Every structure is written in structure tokens, then in C-alpha cells.
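*Asks:* File name final_32.cif; file contents mmCIF, C-alpha atoms; full text below.
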```
data_input
#
loop_
_atom_site.label_atom_id
_atom_site.label_comp_id
_atom_site.auth_asym_id
_atom_site.auth_seq_id
_atom_site.Cartn_x
_atom_site.Cartn_y
_atom_site.Cartn_z
CA MET Y 1 -42.62 -11.36 1.60
CA ALA Y 2 -42.56 -10.21 5.21
CA LEU Y 3 -38.78 -9.96 5.15
CA LYS Y 4 -38.86 -8.02 1.88
CA LYS Y 5 -41.45 -5.61 3.31
CA TYR Y 6 -39.37 -5.15 6.46
CA LEU Y 7 -36.25 -4.35 4.44
CA TYR Y 8 -38.21 -1.90 2.30
CA ILE Y 9 -39.43 -0.04 5.40
CA CYS Y 10 -35.90 0.10 6.86
CA VAL Y 11 -34.42 1.46 3.64
CA SER Y 12 -37.21 4.05 3.38
CA ILE Y 13 -36.63 5.25 6.94
CA LEU Y 14 -32.89 5.44 6.35
CA PHE Y 15 -33.41 7.41 3.14
CA LEU Y 16 -35.79 9.89 4.81
CA ALA Y 17 -33.44 10.36 7.74
CA THR Y 18 -30.50 11.01 5.43
CA ALA Y 19 -32.52 13.44 3.31
CA THR Y 20 -33.67 15.32 6.42
CA ALA Y 21 -30.14 15.56 7.81
CA THR Y 22 -28.89 16.82 4.47
CA ALA Y 23 -31.72 19.30 3.95
CA GLN Y 24 -31.50 20.95 7.36
CA ASN Y 25 -28.30 22.79 6.48
CA ARG Y 26 -29.15 23.81 2.93
CA PHE Y 27 -30.27 27.32 3.88
CA PRO Y 28 -28.87 29.73 6.48
CA LYS Y 29 -30.79 30.17 9.67
CA PRO Y 30 -32.80 33.41 10.02
CA ASP Y 31 -31.11 36.17 11.98
CA PHE Y 32 -33.57 37.17 14.72
CA GLU Y 33 -33.27 40.72 16.09
CA SER Y 34 -35.08 39.87 19.33
CA GLY Y 35 -32.04 38.26 20.89
CA TYR Y 36 -33.42 34.74 20.46
CA GLN Y 37 -30.73 32.10 20.88
CA TYR Y 38 -30.92 28.81 19.02
CA PRO Y 39 -30.74 25.78 21.32
CA GLU Y 40 -27.57 23.76 20.99
CA MET Y 41 -28.29 20.60 19.02
CA THR Y 42 -26.39 17.41 19.69
CA TYR Y 43 -26.43 14.29 17.56
CA PRO Y 44 -25.48 10.81 18.72
CA VAL Y 45 -22.46 9.35 16.95
CA PRO Y 46 -21.40 5.72 16.83
CA ASP Y 47 -18.69 4.61 19.24
CA GLU Y 48 -15.82 4.35 16.78
CA THR Y 49 -13.40 3.47 19.60
CA LEU Y 50 -15.11 0.09 19.99
CA TRP Y 51 -14.77 -0.70 16.28
CA VAL Y 52 -11.11 0.34 16.29
CA ALA Y 53 -10.46 -2.01 19.21
CA ILE Y 54 -12.20 -4.81 17.30
CA ASP Y 55 -10.06 -3.99 14.25
CA ILE Y 56 -6.81 -4.32 16.22
CA VAL Y 57 -7.83 -7.51 18.02
CA LEU Y 58 -8.99 -9.13 14.78
CA LEU Y 59 -5.81 -8.03 12.98
CA VAL Y 60 -3.61 -9.71 15.59
CA LEU Y 61 -5.84 -12.79 15.76
CA LEU Y 62 -5.89 -13.38 12.00
CA MET Y 63 -2.13 -12.87 11.64
CA SER Y 64 -1.59 -15.32 14.51
CA ILE Y 65 -3.80 -17.91 12.79
CA VAL Y 66 -1.89 -17.56 9.51
CA ALA Y 67 1.47 -17.75 11.30
CA TRP Y 68 0.41 -20.92 13.12
CA THR Y 69 -0.95 -22.36 9.88
CA ALA Y 70 2.06 -21.56 7.69
CA ILE Y 71 4.88 -22.19 10.13
CA ARG Y 72 3.55 -24.99 12.31
CA LYS Y 73 0.86 -26.86 10.41
CA ARG Y 74 1.79 -26.29 6.77
CA THR Y 75 -1.78 -26.31 5.56
CA ARG Y 76 -3.74 -23.90 3.40
CA LYS Y 77 -7.41 -24.22 4.40
CA PRO Y 78 -7.30 -21.80 7.37
CA VAL Y 79 -5.67 -19.19 5.13
CA ILE Y 80 -8.64 -19.39 2.76
CA TRP Y 81 -11.09 -18.79 5.61
CA VAL Y 82 -8.95 -15.93 6.92
CA SER Y 83 -9.02 -14.40 3.42
CA VAL Y 84 -12.81 -14.65 3.23
CA LEU Y 85 -13.20 -13.07 6.68
CA SER Y 86 -10.71 -10.31 5.87
CA VAL Y 87 -12.44 -9.38 2.62
CA ALA Y 88 -15.82 -9.39 4.34
CA TYR Y 89 -14.80 -7.43 7.46
CA PHE Y 90 -11.76 -5.26 6.66
CA GLY Y 91 -12.84 -4.91 3.04
CA PHE Y 92 -16.57 -4.44 2.63
CA PHE Y 93 -17.73 -3.87 6.22
CA ARG Y 94 -14.93 -1.49 7.26
CA SER Y 95 -14.54 -0.12 3.71
CA GLY Y 96 -10.82 -0.90 3.57
CA CYS Y 97 -9.92 1.70 6.21
CA VAL Y 98 -7.86 1.88 8.44
CA CYS Y 99 -5.39 0.51 5.89
CA SER Y 100 -1.88 -0.73 6.72
CA ILE Y 101 -0.77 0.20 3.21
CA GLY Y 102 -1.86 3.82 3.57
CA SER Y 103 -0.50 4.07 7.13
CA ILE Y 104 2.99 4.40 5.61
CA GLN Y 105 2.14 8.00 4.81
CA ASN Y 106 0.87 8.83 8.30
CA ALA Y 107 3.94 7.30 9.94
CA SER Y 108 6.29 9.14 7.56
CA LEU Y 109 4.63 12.50 8.21
CA ALA Y 110 4.74 11.95 11.97
CA LEU Y 111 8.51 11.39 11.79
CA VAL Y 112 9.22 14.80 10.25
CA ASP Y 113 6.39 16.92 11.66
CA ASN Y 114 6.02 17.01 15.45
CA THR Y 115 2.73 18.91 15.11
CA TYR Y 116 1.08 15.99 13.35
CA VAL Y 117 -0.76 13.70 15.76
CA LEU Y 118 -0.51 10.09 14.61
CA PRO Y 119 -3.61 8.15 15.73
CA LEU Y 120 -2.78 5.10 17.81
CA SER Y 121 -4.91 2.85 15.59
CA VAL Y 122 -2.99 3.95 12.49
CA LEU Y 123 0.34 3.39 14.24
CA LEU Y 124 -0.71 -0.12 15.28
CA PHE Y 125 -1.94 -0.97 11.78
CA PHE Y 126 1.45 0.11 10.49
CA ILE Y 127 3.71 -1.51 13.08
CA LEU Y 128 1.94 -4.80 13.91
CA PRO Y 129 2.22 -6.35 10.41
CA VAL Y 130 5.88 -5.29 10.36
CA LEU Y 131 6.46 -7.00 13.72
CA PHE Y 132 4.69 -10.19 12.62
CA THR Y 133 6.68 -10.18 9.37
CA PHE Y 134 9.94 -9.93 11.29
CA LEU Y 135 8.86 -12.91 13.39
CA PHE Y 136 7.03 -15.16 10.90
CA GLY Y 137 7.38 -13.74 7.38
CA ARG Y 138 4.66 -12.05 5.33
CA VAL Y 139 1.69 -13.60 7.14
CA PHE Y 140 -0.18 -10.28 6.85
CA CYS Y 141 0.01 -10.52 3.06
CA ALA Y 142 -1.22 -14.13 3.09
CA GLY Y 143 -4.86 -13.32 3.69
CA VAL Y 144 -5.17 -10.69 6.42
CA CYS Y 145 -4.67 -7.77 4.05
CA PRO Y 146 -8.06 -7.43 2.30
CA PHE Y 147 -6.37 -6.33 -0.94
CA GLY Y 148 -4.17 -9.43 -1.07
CA ALA Y 149 -7.00 -11.66 0.12
CA LEU Y 150 -9.32 -10.47 -2.64
CA GLN Y 151 -6.70 -11.29 -5.29
CA GLU Y 152 -5.95 -14.63 -3.64
CA LEU Y 153 -9.59 -15.65 -3.82
CA ALA Y 154 -9.78 -14.58 -7.47
CA ASN Y 155 -6.68 -16.52 -8.58
CA LEU Y 156 -7.34 -19.61 -10.71
CA LYS Y 157 -4.32 -19.90 -13.01
CA ASN Y 158 -0.62 -19.20 -12.59
CA TYR Y 159 0.77 -18.01 -15.88
CA ARG Y 160 4.38 -17.11 -15.17
CA LEU Y 161 5.92 -13.86 -16.35
CA SER Y 162 9.43 -13.80 -17.77
CA LYS Y 163 12.22 -12.96 -15.36
CA ALA Y 164 13.06 -9.73 -17.19
CA VAL Y 165 9.45 -8.46 -17.09
CA ALA Y 166 8.98 -9.49 -13.45
CA THR Y 167 12.24 -7.77 -12.47
CA VAL Y 168 11.33 -4.48 -14.14
CA LEU Y 169 7.80 -4.52 -12.68
CA GLY Y 170 9.24 -5.47 -9.29
CA MET Y 171 10.94 -2.06 -9.02
CA ILE Y 172 7.60 -0.21 -9.23
CA PRO Y 173 6.54 -0.85 -5.58
CA TRP Y 174 9.83 0.62 -4.35
CA ILE Y 175 9.52 3.71 -6.53
CA TYR Y 176 5.86 4.05 -5.51
CA LEU Y 177 6.90 3.79 -1.84
CA ILE Y 178 9.52 6.52 -2.28
CA PHE Y 179 7.08 8.92 -3.97
CA ALA Y 180 4.38 8.17 -1.38
CA ILE Y 181 6.78 9.12 1.42
CA LEU Y 182 7.98 12.18 -0.51
CA TYR Y 183 4.47 13.58 -0.94
CA ALA Y 184 3.53 12.67 2.63
CA VAL Y 185 6.47 14.39 4.35
CA THR Y 186 5.91 17.53 2.27
CA ARG Y 187 2.21 17.56 3.24
CA SER Y 188 1.28 17.51 -0.43
CA SER Y 189 -0.87 14.42 -0.86
CA PHE Y 190 -1.49 10.91 0.43
CA ILE Y 191 -1.20 9.35 -3.01
CA ILE Y 192 -1.64 5.77 -1.77
CA CYS Y 193 -5.12 6.61 -0.50
CA ARG Y 194 -5.89 8.85 -3.44
CA PHE Y 195 -5.11 6.24 -6.08
CA ASP Y 196 -6.14 3.09 -4.21
CA PRO Y 197 -7.68 0.75 -6.82
CA PHE Y 198 -9.65 -1.43 -4.37
CA ILE Y 199 -11.23 1.09 -1.99
CA ALA Y 200 -13.86 2.02 -4.59
CA ILE Y 201 -14.70 -1.67 -4.97
CA PHE Y 202 -15.02 -2.19 -1.22
CA ARG Y 203 -17.17 0.96 -0.90
CA LEU Y 204 -19.27 -0.02 -3.93
CA GLY Y 205 -18.72 3.35 -5.56
CA GLY Y 206 -16.18 6.04 -6.28
CA ASP Y 207 -13.96 7.24 -9.08
CA ILE Y 208 -14.86 5.30 -12.21
CA GLY Y 209 -11.24 5.21 -13.38
CA LEU Y 210 -10.07 3.58 -10.13
CA ILE Y 211 -12.96 1.11 -10.24
CA ILE Y 212 -11.96 0.07 -13.76
CA PHE Y 213 -8.31 -0.22 -12.69
CA GLY Y 214 -9.27 -2.35 -9.69
CA VAL Y 215 -11.44 -4.63 -11.83
CA LEU Y 216 -8.60 -5.04 -14.34
CA LEU Y 217 -6.26 -6.01 -11.49
CA LEU Y 218 -8.74 -8.62 -10.31
CA VAL Y 219 -9.08 -9.98 -13.83
CA ALA Y 220 -5.29 -10.17 -14.07
CA ALA Y 221 -5.23 -11.90 -10.67
CA ILE Y 222 -7.28 -14.73 -12.15
CA PHE Y 223 -4.41 -15.64 -14.46
CA THR Y 224 -1.33 -14.59 -12.50
CA GLY Y 225 -0.85 -14.39 -8.77
CA ARG Y 226 -1.50 -11.09 -6.97
CA PRO Y 227 -0.41 -8.46 -9.54
CA PHE Y 228 -1.13 -5.60 -7.12
CA CYS Y 229 0.88 -7.18 -4.28
CA ARG Y 230 3.85 -8.00 -6.49
CA PHE Y 231 4.09 -5.03 -8.80
CA ILE Y 232 2.35 -2.08 -7.09
CA CYS Y 233 1.95 -2.42 -3.32
CA PRO Y 234 4.46 -0.19 -1.47
CA TYR Y 235 3.74 -1.80 1.90
CA GLY Y 236 4.57 -5.21 0.45
CA ALA Y 237 7.94 -3.85 -0.65
CA LEU Y 238 8.60 -2.66 2.90
CA LEU Y 239 7.54 -5.99 4.41
CA SER Y 240 9.82 -7.89 2.02
CA LEU Y 241 12.83 -6.36 3.79
CA PHE Y 242 11.74 -7.77 7.15
CA SER Y 243 10.67 -11.08 5.65
CA ARG Y 244 14.21 -11.68 4.41
CA VAL Y 245 15.46 -11.77 8.00
CA SER Y 246 12.37 -13.24 9.70
CA ILE Y 247 13.12 -15.39 12.73
CA TRP Y 248 10.73 -18.23 11.87
CA LYS Y 249 10.50 -18.84 8.14
CA VAL Y 250 7.99 -20.69 6.00
CA GLU Y 251 9.36 -24.06 4.88
CA LEU Y 252 8.06 -26.31 2.12
CA THR Y 253 8.81 -29.47 4.04
CA GLN Y 254 11.02 -30.68 6.85
CA LYS Y 255 12.05 -33.63 4.73
CA THR Y 256 14.60 -33.72 1.92
CA CYS Y 257 13.52 -31.99 -1.29
CA ILE Y 258 13.24 -34.42 -4.23
CA ASN Y 259 13.19 -31.64 -6.88
CA CYS Y 260 9.83 -32.70 -8.31
CA GLU Y 261 9.03 -29.09 -9.38
CA LEU Y 262 5.41 -29.32 -8.20
CA CYS Y 263 5.76 -26.57 -5.61
CA HIS Y 264 7.44 -24.28 -8.13
CA ASN Y 265 4.54 -24.65 -10.55
CA ALA Y 266 1.97 -24.14 -7.79
CA CYS Y 267 3.41 -20.90 -6.38
CA PRO Y 268 1.26 -17.98 -7.61
CA VAL Y 269 3.89 -15.31 -6.90
CA ASP Y 270 6.96 -17.14 -8.28
CA ALA Y 271 8.62 -17.14 -4.86
CA ILE Y 272 10.06 -20.67 -5.16
CA LYS Y 273 13.33 -20.64 -7.02
CA PRO Y 274 14.42 -23.70 -9.01
CA PRO Y 275 17.84 -25.36 -8.73
CA TYR Y 276 20.61 -23.51 -10.52
CA ASP Y 277 23.83 -25.24 -11.41
CA ASN Y 278 25.75 -22.50 -13.27
CA LYS Y 279 24.95 -24.12 -16.59
CA VAL Y 280 27.12 -21.74 -18.58
CA LYS Y 281 30.08 -22.64 -16.35
CA GLU Y 282 31.04 -19.00 -15.89
CA ASP Y 283 34.47 -18.44 -14.42
CA ARG Y 284 34.17 -17.38 -10.78
CA LEU Y 285 36.65 -14.55 -11.25
CA GLN Y 286 34.58 -13.16 -14.12
CA GLY Y 287 31.47 -13.12 -11.94
CA VAL Y 288 33.31 -11.36 -9.12
CA LYS Y 289 34.61 -8.70 -11.53
CA ARG Y 290 31.09 -8.06 -12.82
CA ILE Y 291 29.74 -7.56 -9.30
CA ILE Y 292 32.62 -5.23 -8.41
CA HIS Y 293 31.87 -3.29 -11.58
CA TYR Y 294 28.26 -2.83 -10.48
CA PHE Y 295 29.33 -1.73 -7.01
CA VAL Y 296 31.59 0.88 -8.56
CA ILE Y 297 28.72 2.17 -10.70
CA LEU Y 298 26.24 2.10 -7.81
CA PRO Y 299 27.38 5.42 -6.23
CA LEU Y 300 27.14 7.05 -9.66
CA MET Y 301 23.58 5.80 -10.08
CA ILE Y 302 22.68 7.13 -6.62
CA PHE Y 303 24.22 10.52 -7.44
CA ALA Y 304 22.53 10.66 -10.86
CA GLY Y 305 19.16 9.83 -9.31
CA ALA Y 306 19.57 12.56 -6.69
CA ILE Y 307 20.52 15.18 -9.30
CA LEU Y 308 17.69 14.20 -11.64
CA MET Y 309 15.02 14.34 -8.94
CA ARG Y 310 16.40 17.64 -7.64
CA SER Y 311 16.10 19.13 -11.11
CA VAL Y 312 12.35 18.37 -11.25
CA SER Y 313 11.57 19.32 -7.64
CA GLY Y 314 9.74 22.45 -8.79
CA ASP Y 315 7.42 20.46 -11.05
CA LEU Y 316 6.81 17.85 -8.36
CA SER Y 317 6.01 20.54 -5.80
CA ARG Y 318 2.90 21.57 -7.75
CA ALA Y 319 1.12 18.68 -6.10
CA ASN Y 320 1.11 20.83 -2.95
CA LYS Y 321 -1.98 23.02 -2.52
CA ASP Y 322 0.03 26.04 -1.33
CA VAL Y 323 2.21 25.94 -4.42
CA ARG Y 324 -0.81 25.70 -6.71
CA LEU Y 325 -2.51 28.55 -4.86
CA TYR Y 326 0.64 30.68 -5.08
CA ASP Y 327 0.79 30.19 -8.85
CA MET Y 328 -2.88 31.16 -9.21
CA VAL Y 329 -2.49 34.25 -7.01
CA MET Y 330 0.62 35.42 -8.87
CA GLN Y 331 -1.14 34.93 -12.20
CA HIS Y 332 -4.18 36.88 -10.95
CA GLU Y 333 -2.04 39.71 -9.57
CA ALA Y 334 -0.26 40.01 -12.92
CA ASP Y 335 -3.50 39.81 -14.93
CA PRO Y 336 -6.56 40.60 -12.75
CA ARG Y 337 -9.88 39.17 -13.88
CA ASP Y 338 -13.45 39.70 -12.74
CA ILE Y 339 -14.26 36.02 -12.44
CA LEU Y 340 -12.28 34.28 -9.71
CA SER Y 341 -11.81 30.59 -9.15
CA VAL Y 342 -13.09 29.01 -5.95
CA GLU Y 343 -9.56 28.89 -4.54
CA LEU Y 344 -8.93 32.57 -5.21
CA GLU Y 345 -12.32 33.56 -3.76
CA ALA Y 346 -11.49 31.64 -0.59
CA PHE Y 347 -8.00 33.15 -0.38
CA TYR Y 348 -9.10 36.77 -0.76
CA GLY Y 349 -12.36 36.28 1.13
CA GLN Y 350 -10.56 34.95 4.20
CA GLY Y 351 -8.11 37.84 4.17
CA GLY Y 352 -5.10 35.89 2.96
CA THR Y 353 -1.93 37.88 2.39
CA ILE Y 354 0.60 37.44 -0.38
CA GLU Y 355 3.40 37.69 2.18
CA GLY Y 356 2.03 34.76 4.21
CA LEU Y 357 1.37 32.71 1.10
CA THR Y 358 4.88 33.43 -0.21
CA GLU Y 359 6.38 32.26 3.08
CA ARG Y 360 4.48 28.97 2.89
CA TYR Y 361 5.41 28.60 -0.78
CA GLU Y 362 9.12 29.04 -0.09
CA LYS Y 363 9.01 26.53 2.76
CA VAL Y 364 7.37 23.91 0.54
CA GLN Y 365 9.92 24.53 -2.20
CA ALA Y 366 12.76 24.13 0.30
CA ASP Y 367 11.27 20.88 1.57
CA PHE Y 368 10.94 19.53 -1.96
CA ARG Y 369 14.53 20.46 -2.82
CA ARG Y 370 15.75 18.59 0.25
CA TYR Y 371 13.54 15.53 0.06
CA THR Y 372 13.75 15.04 -3.71
CA ILE Y 373 17.51 14.64 -3.36
CA MET Y 374 16.93 11.81 -0.87
CA ALA Y 375 14.19 10.28 -3.00
CA GLY Y 376 16.33 10.36 -6.14
CA ALA Y 377 19.24 8.76 -4.30
CA LEU Y 378 16.97 5.95 -3.10
CA ILE Y 379 15.60 5.39 -6.61
CA GLY Y 380 19.15 5.10 -7.93
CA LEU Y 381 19.94 2.68 -5.12
CA VAL Y 382 16.90 0.52 -5.97
CA ILE Y 383 17.87 0.31 -9.64
CA GLY Y 384 21.49 -0.42 -8.80
CA ILE Y 385 20.69 -3.17 -6.29
CA THR Y 386 18.27 -4.74 -8.80
CA LEU Y 387 21.06 -4.94 -11.37
CA ILE Y 388 23.44 -6.42 -8.81
CA GLY Y 389 20.80 -9.00 -7.87
CA LEU Y 390 20.47 -10.05 -11.50
CA SER Y 391 24.22 -10.52 -11.78
CA VAL Y 392 24.50 -12.81 -8.75
CA LYS Y 393 24.34 -16.46 -9.79
CA ARG Y 394 24.30 -18.49 -6.60
CA THR Y 395 24.32 -22.27 -6.96
CA ARG Y 396 21.14 -23.97 -5.73
CA LYS Y 397 20.85 -27.74 -5.53
CA GLN Y 398 17.17 -27.80 -4.47
CA TYR Y 399 14.02 -25.72 -4.78
CA GLU Y 400 14.18 -22.90 -2.27
CA ILE Y 401 11.74 -20.25 -1.06
CA ASP Y 402 12.65 -16.63 -1.66
CA HIS Y 403 11.31 -15.31 1.62
CA ALA Y 404 11.25 -11.71 0.39
CA ASP Y 405 8.64 -12.67 -2.23
CA CYS Y 406 6.80 -15.43 -0.36
CA VAL Y 407 3.40 -14.29 0.93
CA ALA Y 408 2.79 -17.39 3.07
CA CYS Y 409 -0.39 -18.29 1.16
CA GLY Y 410 0.29 -22.01 1.72
CA ARG Y 411 -0.65 -23.05 -1.80
CA CYS Y 412 2.56 -25.03 -2.24
CA PHE Y 413 2.15 -27.22 0.86
CA SER Y 414 -0.31 -29.71 -0.58
CA TYR Y 415 1.70 -30.05 -3.81
CA CYS Y 416 4.85 -31.32 -2.09
CA PRO Y 417 4.88 -35.16 -2.02
CA GLN Y 418 7.03 -35.04 1.09
CA ASN Y 419 4.15 -33.50 3.05
CA ILE Y 420 1.69 -36.28 2.22
CA LYS Y 421 0.94 -38.48 5.20
CA TYR Y 422 0.38 -42.08 4.24
#
```
Translate this structure into C-alpha cells?

*Replies:*
Amino acid sequence: MALKKYLYICVSILFLATATATAQNRFPKPDFESGYQYPEMTYPVPDETLWVAIDIVLLVLLMSIVAWTAIRKRTRKPVIWVSVLSVAYFGFFRSGCVCSIGSIQNASLALVDNTYVLPLSVLLFFILPVLFTFLFGRVFCAGVCPFGALQELANLKNYRLSKAVATVLGMIPWIYLIFAILYAVTRSSFIICRFDPFIAIFRLGGDIGLIIFGVLLLVAAIFTGRPFCRFICPYGALLSLFSRVSIWKVELTQKTCINCELCHNACPVDAIKPPYDNKVKEDRLQGVKRIIHYFVILPLMIFAGAILMRSVSGDLSRANKDVRLYDMVMQHEADPRDILSVELEAFYGQGGTIEGLTERYEKVQADFRRYTIMAGALIGLVIGITLIGLSVKRTRKQYEIDHADCVACGRCFSYCPQNIKY
């Protein structure tokens, strides 16, 4: 009872303090004619620098633990504890921010705009997981990323999707990544942060649509491994490139594989590929011709993607606030009305000029015309490479890890009979 009473008093004090801080700016201060000057008020703020330093140290520490666990020890238990700590600290305590996934947008904007100051903490959250992935594979995805960790803890079953469905869904992260960069470099929107399905869960409130979407993803994660990581996450797509060429790779066992299939069934993200013996006995020359055919078509797909995206650059540019404001101002100038929207009141009230707005509008349109061509070409490249990947039928004699898809969760280690110590 004493503890409950103490908590009640603390909550009451916090509520009153918040209400007072909110109420003190509700009405304008009186304008004294006597020359009285208001004293300058200062308010203590928490030392965020300390928390950022803790974030970085903990990020490196947890990724190091997972790397040691997955590469050296081949055991899963530490990954589970890392996942729990990550969800608790980076998720609920730090509210999912700073986020390595969202840092893609900050880094992209900093590359094209020298006036944008990229915070050091955001840069480190972007670059450190990439560096660790290049060295050890996707150890960040294993349990350090709170989004992946939350799904990992929710997973109970591993119902496998068909190869066709998984392949089509697997292109979404790349397309999402391309659009996220497009809207970031044009200063239009940080769509990764805007449509993040887990932030509202970690903050215990927010847009109801995103909360429902996040809950549905967690429900799906119970039955199939990490749907957000595999079929949505743009940062995971980026890390998969570096994981392909990682220096130290996750291995199922150092002993000879006996093709028992246990690891394949245990993998929640379908990253362990079964043996393939060219069962249809396709002629090698026929396979080579098919691949050459795709490589001939690939430039056409890139060109078609660039043209298509360029043709809709005007529609895509409406995500930019200056473009939307320009459209509203032009509509108002053509058909003036007594009631103005908030945006128009702010524009005219602050002395905005049509000439200045038009200049900003034309710059945004030019940026979208340029960057949509690049984005469309990359989308065509993604689709083309996906088709080429489906056409390649490499012979495998044993179960092998696809390191681009492997998230180093360690679930397969205990299933391999070769890892059992008698």
C-alpha cells in the first residue's frame, strides 16, 4: 500500500507540473506601458548527450556480443537476452529513436545538401551496423534492432511462404528504400519515420492505423519469421548487400553437413537453402542462353523504369510542402475566397511572395525530375536482377546459408546434430 501511495503521489505531481507548464503559455503576456521587462526564464533540460553516448556504447556492445555468439560460439541464448534488452532499452525506454532504419534518410539528405547538418549520433547509428555487417554479417538484425528483436521474441511457428510469393514480397524493401531516399533528398518527407509501424507501439500511443498495422505484423511474426524485416525494412535490404561479402560469416557447423534438413526447417527467415541437383536436367547451354536473354532485357527494364518514374514526377512532387502550398496559392489567386486555410493564412501573414514561392516550386520540380529518373532506373534494376536470380540454378550438394537473408538469430545452431557435444 505504501508503494502504491508513493506512485500515486509521483504521478499526481508529474501531472500538475505538466499542466502548469502547458497552461503558462496559453494566453499572451500583458503588454505593460511602464517599460517593465519580463525576467528571462530558464528551464533545466535533461543531458541528452549522456543518453546518446550510452546509446552508442550499448549499440556497439550488443552487436559485439551477437557477433561473438554467432561466429565463435554458435549458440542462441545470448541473442535472446540481447533481444530482450534491446526491446526494453532501445524500444520502450528510448522510444525507438534514434533509429538506424530511419537514419538512411538523414544520411541521404546530407550527401546532396551541404546545408544539412547530420548529427553525429545519427551518423553512427547508420554506419556502425553497416560496418559490423561487413565484418560479421547481419548481427544488428539478430536482436540489436528493437524492431527485429520484438518480432524474434514473438515468433513461435515457421510457416514457409512459397518461393514465388517470397520473391515478389522481397522486392518491396528495395522499392521502399528507393522511395525513402527520393523523398529525403528532395526534402519532401521522411517516410520511414512517418509510416513506422512499431514506433507507436514503443511509445504506447500514436496513429491508430500504424498501431493496428504494427500489431498485425507482430501477429504475423508469430507464424512466420520477421515479416517486417524480410518484406518491408529498407535498412535490412541495404545490410543484405554487405552481408553477402562479410569477412567472417555465420556457419551452421564446422563439421560435414549430413543433409538432415533440421536446420532448414528451423530457420524462421528461410535463409538456409536446400540441396539442388538440377532435377530437370536442363541443358547447360539453354540455361546460359536464358541468362544472356535477361541481361539483354535488363537495360530496357532500367530505361523503362526511368521513363515511367519521370512521367509521374509531378504527382510525386506533391508530397513536398512547397509544391502543395504553391498549388493552394495559385488556386486562391485564381478564385479568391474569404475563408483561408491555415497554410494560406501563414503564407500571406508572414509576407510571402508569389515570386519566392514560384522559385522554390520550380527548384523542387527540377529535383524531382532528376531524382525520379535515377529512382526509376534503380527500380528497373531491382526487378531485372530478381528475374536473373530466379533463372540461376546453381548446383548445391549440401544445405547452405544465404548470407544476404541470414539475420544471425542462431536458431538453427541447436538443431544441427553436428553441433551436439556428446

*Asks:* Just the residues within 12 Å of Ile307 in chain Y, please, counting only C-alpha atoms, with nothing from its chain fewer than 4 positions along; format it as a count of residues only.

*Replies:* 19

*Asks:* Residues of range 142-216 of chain Y that have any atom at most 6 Å from an atom of range 92-101 of chain Y: could you tabulate them with the shortest-distance atom pair and the distance in Å to one decimal, using all atoms listed in the file, ordered by chain and increasing number, as CSV?

*Replies:*
```
residue,atom,partner,partner_atom,distance
Y:Ile199,CA,Y:Gly96,CA,5.9
Y:Phe202,CA,Y:Phe92,CA,4.7
Y:Arg203,CA,Y:Ser95,CA,5.4
```

*Asks:* Would you list the contacts of Tyr235 in chain Y as an NGL selection string, taking every protein, DNA or RNA residue within 12 Å and counting only C-alpha atoms, but skipping same-chain residues closer than 6 positions in sequence?

*Replies:* :Y and (99-105 or 125-127 or 129-130 or 133 or 138 or 140-141 or 145 or 147-148 or 172-178 or 180-181 or 192 or 228-229 or 241-242)

*Asks:* Which polymer residues have any atom within 12 Å of an atom of range 54-63 of chain Y, counting all atoms listed in the file, with same-chain residues fewer than 3 positions away left out, as number ranges by chain?

*Replies:* Y: 47-51, 66-71, 78-86, 89-91, 93-94, 96-100, 120-133, 135-146, 408-409

*Asks:* Could you expand the PyMOL selection byres ((chain Y and resi 268) around 10) into the explicit residues it covers here, written as a PyMOL selection string?

*Replies:* chain Y and resi 152+155-160+221+223-227+263-267+269-272+406-407+409+411-412

*Asks:* Would you kindly return, as a list in words, each protein, DNA or RNA residue with an atom no farther than 10 Å from any atom of Thr167 in chain Y, considering all atoms listed in the file and excluding same-chain residues fewer than 6 positions away?

*Replies:*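 Listing them by chain and then by number gives Leu161, Phe231, Thr386, Leu387, Gly389 and Leu390 of chain Y.
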
*Asks:* Kindly resolve the PyMOL selection byres ((chain Y and resi 253) around 7) on the present coordinates and return the residues as a list in words.

*Replies:* Glu251, Leu252, Gln254, Lys255, Gln418 and Asn419 of chain Y

*Asks:* For CA of Thr256 in chain Y and CA of Val392 in chain Y, determine how far apart the two atoms are, in Å to one decimal place.

*Replies:*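 Result for CA of Thr256 in chain Y versus CA of Val392 in chain Y: 25.5 Å, one decimal.
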
*Asks:* In Å to one decimal, how far is CA of Cys233 in chain Y from CA of Val52 in chain Y?

*Replies:* 23.7 Å

*Asks:* Check the smallest atom-to-atom distance from each of Y:Arg72, Y:Arg360, Y:Arg187, Y:Lys77 to Val112 in chain Y using all atoms listed in the file, then report the winner.

*Replies:*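 Among the listed residues, the smallest separation from Val112 in chain Y belongs to Y:Arg187.
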
*Asks:* Mind pulling up the distance from CA of Gly214 in chain Y to CA of Lys321 in chain Y?

*Replies:*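 CA of Gly214 in chain Y lies 27.4 Å from CA of Lys321 in chain Y.
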
*Asks:* Write out as an mmCIF file with C-alpha atoms, in the frame of the given file each polymer residue whose atoms come within 10 Å of Ala200 in chain Y, counting all atoms listed in the file; drop sequence neighbours fewer than 2 positions from it.

*Replies:*
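The result, stored in out.cif:
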```cif
data_model
loop_
_atom_site.group_PDB
_atom_site.id
_atom_site.type_symbol
_atom_site.label_atom_id
_atom_site.label_comp_id
_atom_site.auth_asym_id
_atom_site.auth_seq_id
_atom_site.Cartn_x
_atom_site.Cartn_y
_atom_site.Cartn_z
ATOM 1 C CA SER Y 95 -14.540 -0.120 3.710
ATOM 2 C CA GLY Y 96 -10.820 -0.900 3.570
ATOM 3 C CA PHE Y 195 -5.110 6.240 -6.080
ATOM 4 C CA ASP Y 196 -6.140 3.090 -4.210
ATOM 5 C CA PRO Y 197 -7.680 0.750 -6.820
ATOM 6 C CA PHE Y 198 -9.650 -1.430 -4.370
ATOM 7 C CA PHE Y 202 -15.020 -2.190 -1.220
ATOM 8 C CA ARG Y 203 -17.170 0.960 -0.900
ATOM 9 C CA LEU Y 204 -19.270 -0.020 -3.930
ATOM 10 C CA GLY Y 205 -18.720 3.350 -5.560
ATOM 11 C CA GLY Y 206 -16.180 6.040 -6.280
ATOM 12 C CA ASP Y 207 -13.960 7.240 -9.080
ATOM 13 C CA ILE Y 208 -14.860 5.300 -12.210
ATOM 14 C CA GLY Y 209 -11.240 5.210 -13.380
ATOM 15 C CA LEU Y 210 -10.070 3.580 -10.130
ATOM 16 C CA ILE Y 211 -12.960 1.110 -10.240
ATOM 17 C CA ILE Y 212 -11.960 0.070 -13.760
ATOM 18 C CA GLY Y 214 -9.270 -2.350 -9.690
#
```

*Asks:* Step by step: start from the point (2.2, 25.5, -5.4) in the file's coordinates, keep every protein, DNA or RNA residue that has an atom no farther than 12 Å from it, count all atoms listed in the file, and write the set as a PyMOL selection string.

*Replies:* chain Y and resi 186-188+313-330+357-365+368

*Asks:* Select, from Y:Ile383, Y:Ala404, Y:Ile420, Y:Met309, the residue with the minimum atom-to-atom distance to Leu182 in chain Y, counting all atoms listed in the file.

*Replies:*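 Checking each candidate against Leu182 in chain Y, we get Y:Met309 as the closest.
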
*Asks:* Have a look at Y:His332, Y:Gln151, Y:Ser108, Y:Asp338 and name the one nearest to Ala220 in chain Y; count only C-alpha atoms.

*Replies:*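 Under the stated criterion, the closest residue is Y:Gln151.
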
*Asks:* Taking into account all atoms listed in the file, which residue in the set Y:Gly410, Y:Ser391, Y:Glu400, Y:Arg74 is nearest to Arg290 in chain Y?

*Replies:*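 Once distances to Arg290 in chain Y are computed over all atoms listed in the file, the minimum belongs to Y:Ser391.
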